[in-house]
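Student: The following block contains the structure, expressed as structure tokens.
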Amino acid sequence: MSQRVELHVEGMDCVECTQHVGSALRRVPGVNSVEVFLASERAILDIDEKAFKIAAAAEAVSQAGYRLVATDHEAAANPWAERLGRTVWLAFASLSLILLVAAIGEWLGWFAAVTRSVPVPLYVVMIMLAGWPIFLNVIRAARQGRIISHTLMTIGMLAAILVGEWASALLVVFFMRVGDATERITAAGARSAIKDLSALAPQTARLQREAGEVEVPIEEVTPGDVVIVRPGERIPVDGLILDGTASVDASTITGESLLLNAGPGSQVYATCTVYHGSVRVEAVDIGQDSTFGRVLQLVEEAEANRGPIQRFADRFSGMYLPIVALIALLTLILRHDALAAAAVLVVVCSCAIAMATPIAVLASIGSAAKRGILIKGGQVLETLPHIDIVLIDKTGTLTLGEPQITDIQTAEGYSQEDILLLAVTVERYAAHPLADAVRIVAAKRNIHPGEPEDFTTIPGIGAQARIDGRAISVGNKRILTSSLPDWAVHVEGLGLSLVYVTDNGLFAGVLTAADCLRADIPESLNALREIGLEEFEILSGDRREATSVIADTLGVPYQGDLLPEDKIRIVRAYQAAGSKVAMIGDGINDAPALAQADVGIAMGSAGSEVAIEAAHVSILSSDWRLLPVLFETGMRTMAVVRTNLVMTGIYNGIGILLAAFGLLPPFLAAAAQSLPDLGILLNASRLLRRS
């Protein structure tokens, strides 16, 4: 029977590490598939539970040079061993720094033979103690037929020893350890946005029990439990407010900074903060099943979705080490200089090439998630800068998704208030979106409905009732028994939804209803145009006449009366013509077109599992101002990736060239190999800043 298992792996610093762990776990009996994630330091396994043994997985990971732990809170190693390790590292680092100053002075000719005053046995002890973790990884990799960057650097260190350069060998080991530490810092920097996101999840919940309130770990909460949330506390579950009112900060889910007023019946989400009141919430979804849990899981797993640039970098990294080894061999053969050959081996920095893309991608995905934008991997980020046309659903995406009364026209002898009072009285008990719109506008104008007599609904037409002895009908054109005035005929031709009112069979007035354009759309479309997106088209299942009103307002081409299969056909037609297509929709009825597009973007998908799963990008709020942020994130990310790859390539090329011609001694080559990692971190850190 197949089962999903998550394991926590310690010691992974770069993409090369995830590949090694993945290869080791795939060889474990009972493992069907493996995904290893650098950001969360996890391995997700699909296993045959009868054949899989956790001990075998732990042994395989250990043989690969890493450590499998049961939980994130597993007890630390022996304190005495840790203190001994710190003491050895301090002594090793102190001696290395002294030797570094001496070696540089000797290299520059300021003084000579200083490094020779250190006894050889001390060199041997320090090299073995400080370098043992590295040498062990090299041995394990060799047993599995793999060459890693530490393999070449270890060979370079041995070459320095063979020619009597003990100080250089020790400094190589020192900078290998410094390089490892830099890689850990670099990976941790990329993980920071995701770890900050993880820290938002409440770990406990205050439950209402018969005996009173009790605080329990979040794992013990079950659907149906009643959770009490007080001012300043985070809501620990997705659920519905049973009673109480409060202002809710939903920015962790939607990115929206404004507080929302919430009361009985309001839906709330885990990690949202309650202010100005207390609420009791009935738990619906908890932990990984909550909206925040799904968001966090998607963000953590997004790094598995690698784009072409990442796959190229992975392949190049695999070919890079043999090429460097060949260059070192040619250096030894042609120049008869063992130290120069050793320097070539030591200066390699293949991890920097492999890390150039994922570090930038992780930083962008984590930063975007904090704003309520879920991006499913590097391939999406890589595609965003190349979008040629943006196709947009109308209802619920460009518009509010519900009709609003925009105008009231009356026949002679009636005021707008008269028509609205008649309409809201008849519609008082009607269940229809247009009836809701009438009730809302009446409430805004402080017009209160009377009690209708003999209320009846007319299926497909409207409703009727008696008011003060008069027969009042409210509905579509089919309620009319008299002709319309000319101005009413003109309104009909605008493609709007019309609610007619008749009084004793005679036309009395008409209320115009429209699904109104979201206020932030025009500004956001202009912002998208400013960053280089020029082609837009509205695809709507609504009537062409109604679609044209929105399209003309925005100055965008449109197609109406479309079925879901029509939208897919249009997306495919653009793709067949060579265009990269982005589709923006509500993520539910537009799910097929979102999946077909090169980048499908679901707007306002907070709480919707269908929306989050269907699209390549899910924007949890309906804030269109996040659309330019999304496309700019893709452009900035790929700019950083290209810079990382180009600068790392140039840096390594120059380093190998200088080393091959004897201009870069092994100890400086070792120092130089850790710098690209730091450069990548600093460059990627720009993506952590909110634009």
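Identifiers in the structure tokens: chain A, B, ... in order shown; residue index from 1 per chain; ligand index from 1 in order shown.
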Name the residues of stretch 334-547 of chain A that fall into helix (DSSP H, G or I) according to DSSP on the backbone, using the chain letters and numbers of this document, as a PyMOL selection string.
Tutor: chain A and resi 334-335+338-346+350-370+378-386+394-398+416-429+433-444+477-479+486-492+521-530+544-547
Student: Determine, counting only C-alpha atoms, which protein, DNA and RNA residues have an atom within 7 Å of an atom of A:Val499; residues of the same chain fewer than 6 positions away are not included. Present the result as a PDB file with N, CA and C atoms, in the first residue's frame.
Tutor:
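Result went into around_12.pdb, see below:
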ATOM      1  N   VAL A 474     -42.331  43.328 -10.476  1.00  0.00           N
ATOM      2  CA  VAL A 474     -40.902  43.661 -10.611  1.00  0.00           C
ATOM      3  C   VAL A 474     -40.221  42.483 -11.301  1.00  0.00           C
ATOM      4  N   GLY A 475     -39.517  42.746 -12.378  1.00  0.00           N
ATOM      5  CA  GLY A 475     -38.842  41.654 -13.061  1.00  0.00           C
ATOM      6  C   GLY A 475     -38.273  42.069 -14.387  1.00  0.00           C
ATOM      7  N   ASN A 476     -38.122  41.109 -15.306  1.00  0.00           N
ATOM      8  CA  ASN A 476     -37.539  41.418 -16.600  1.00  0.00           C
ATOM      9  C   ASN A 476     -38.612  41.944 -17.558  1.00  0.00           C
ATOM     10  N   VAL A 510     -37.553  51.792 -14.286  1.00  0.00           N
ATOM     11  CA  VAL A 510     -36.602  50.708 -14.529  1.00  0.00           C
ATOM     12  C   VAL A 510     -35.334  50.977 -13.720  1.00  0.00           C
ATOM     13  N   LEU A 511     -34.816  49.937 -13.079  1.00  0.00           N
ATOM     14  CA  LEU A 511     -33.553  50.023 -12.342  1.00  0.00           C
ATOM     15  C   LEU A 511     -32.471  49.345 -13.190  1.00  0.00           C
ATOM     16  N   THR A 512     -31.389  50.042 -13.406  1.00  0.00           N
ATOM     17  CA  THR A 512     -30.272  49.510 -14.195  1.00  0.00           C
ATOM     18  C   THR A 512     -29.277  48.833 -13.255  1.00  0.00           C
TER      19      THR A 512
END
Student: Would you work out the distance separating atom CA of A:Glu35 from atom CA of A:Phe631, expressed in Å to one decimal?
Tutor: 27.8 Å
Student: Restricting the calculation to only C-alpha atoms: of A:Val599, A:Val581, A:Leu657, A:Ala60, which residue gets closest to A:Glu382?
Tutor: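 Closest to A:Glu382 of all the choices is A:Val599.
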Student: Please report the interatomic distance between atom CA of A:Ala508 and atom CA of A:Glu417 in Å with one decimal.
Tutor: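 Straight-line distance from atom CA of A:Ala508 to atom CA of A:Glu417 works out to 12.0 Å.
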Student: List the spatial neighbours of A:Leu170 as a short mmCIF file (atom, residue, chain, number, x, y, z; two decimals) with C-alpha atoms, in the first residue's frame - criterion: any atom at most 8 Å away, only C-alpha atoms, same-chain residues fewer than 5 positions off excluded.
Tutor:
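Writing the result to around12.cif gives the following:
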data_model
loop_
_atom_site.label_atom_id
_atom_site.label_comp_id
_atom_site.auth_asym_id
_atom_site.auth_seq_id
_atom_site.Cartn_x
_atom_site.Cartn_y
_atom_site.Cartn_z
CA SER A 96 45.03 29.04 9.94
CA TYR A 123 49.89 20.27 10.46
CA MET A 126 45.01 19.93 12.42
CA ILE A 127 44.34 18.80 8.85
CA MET A 157 45.34 19.58 -0.86
#
Student: Considering only C-alpha atoms, state which residue in the set A:Thr397, A:Asn137, A:Gln575, A:Gln267 is at the smallest distance from A:Gly11.
Tutor: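 Between A:Thr397, A:Asn137, A:Gln575, A:Gln267, the residue approaching A:Gly11 most closely is A:Asn137.
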Student: May I have the residues within 8 Å of A:Asn261 as a PyMOL selection string, using only C-alpha atoms and disregarding those fewer than 2 positions away in the same chain?
Tutor: chain A and resi 245-248+259+263
Student: Go through stretch 255-468 of chain A and collect every residue that DSSP, computed from the backbone, puts in strand (DSSP E); the answer should be as an NGL selection string.
Tutor: :A and (260-262 or 267-268 or 273-275 or 279-285 or 373-375 or 389-393 or 399-410 or 453-458 or 462-467)
Student: For A:Pro322, which of A:Val348, A:Leu678, A:Tyr429, A:Leu381 is the closest residue, counting only C-alpha atoms?
Tutor: A:Val348
Student: With a distance cut-off of 6 Å and only C-alpha atoms, select the neighbouring residues of stretch 578-580 of chain A, excluding the residue or stretch itself and same-chain residues fewer than 4 positions from it, and output the selection as a list of chain:residue names.
Tutor: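 In the requested format, the answer is A:Ile387, A:Asp388, A:Tyr574.
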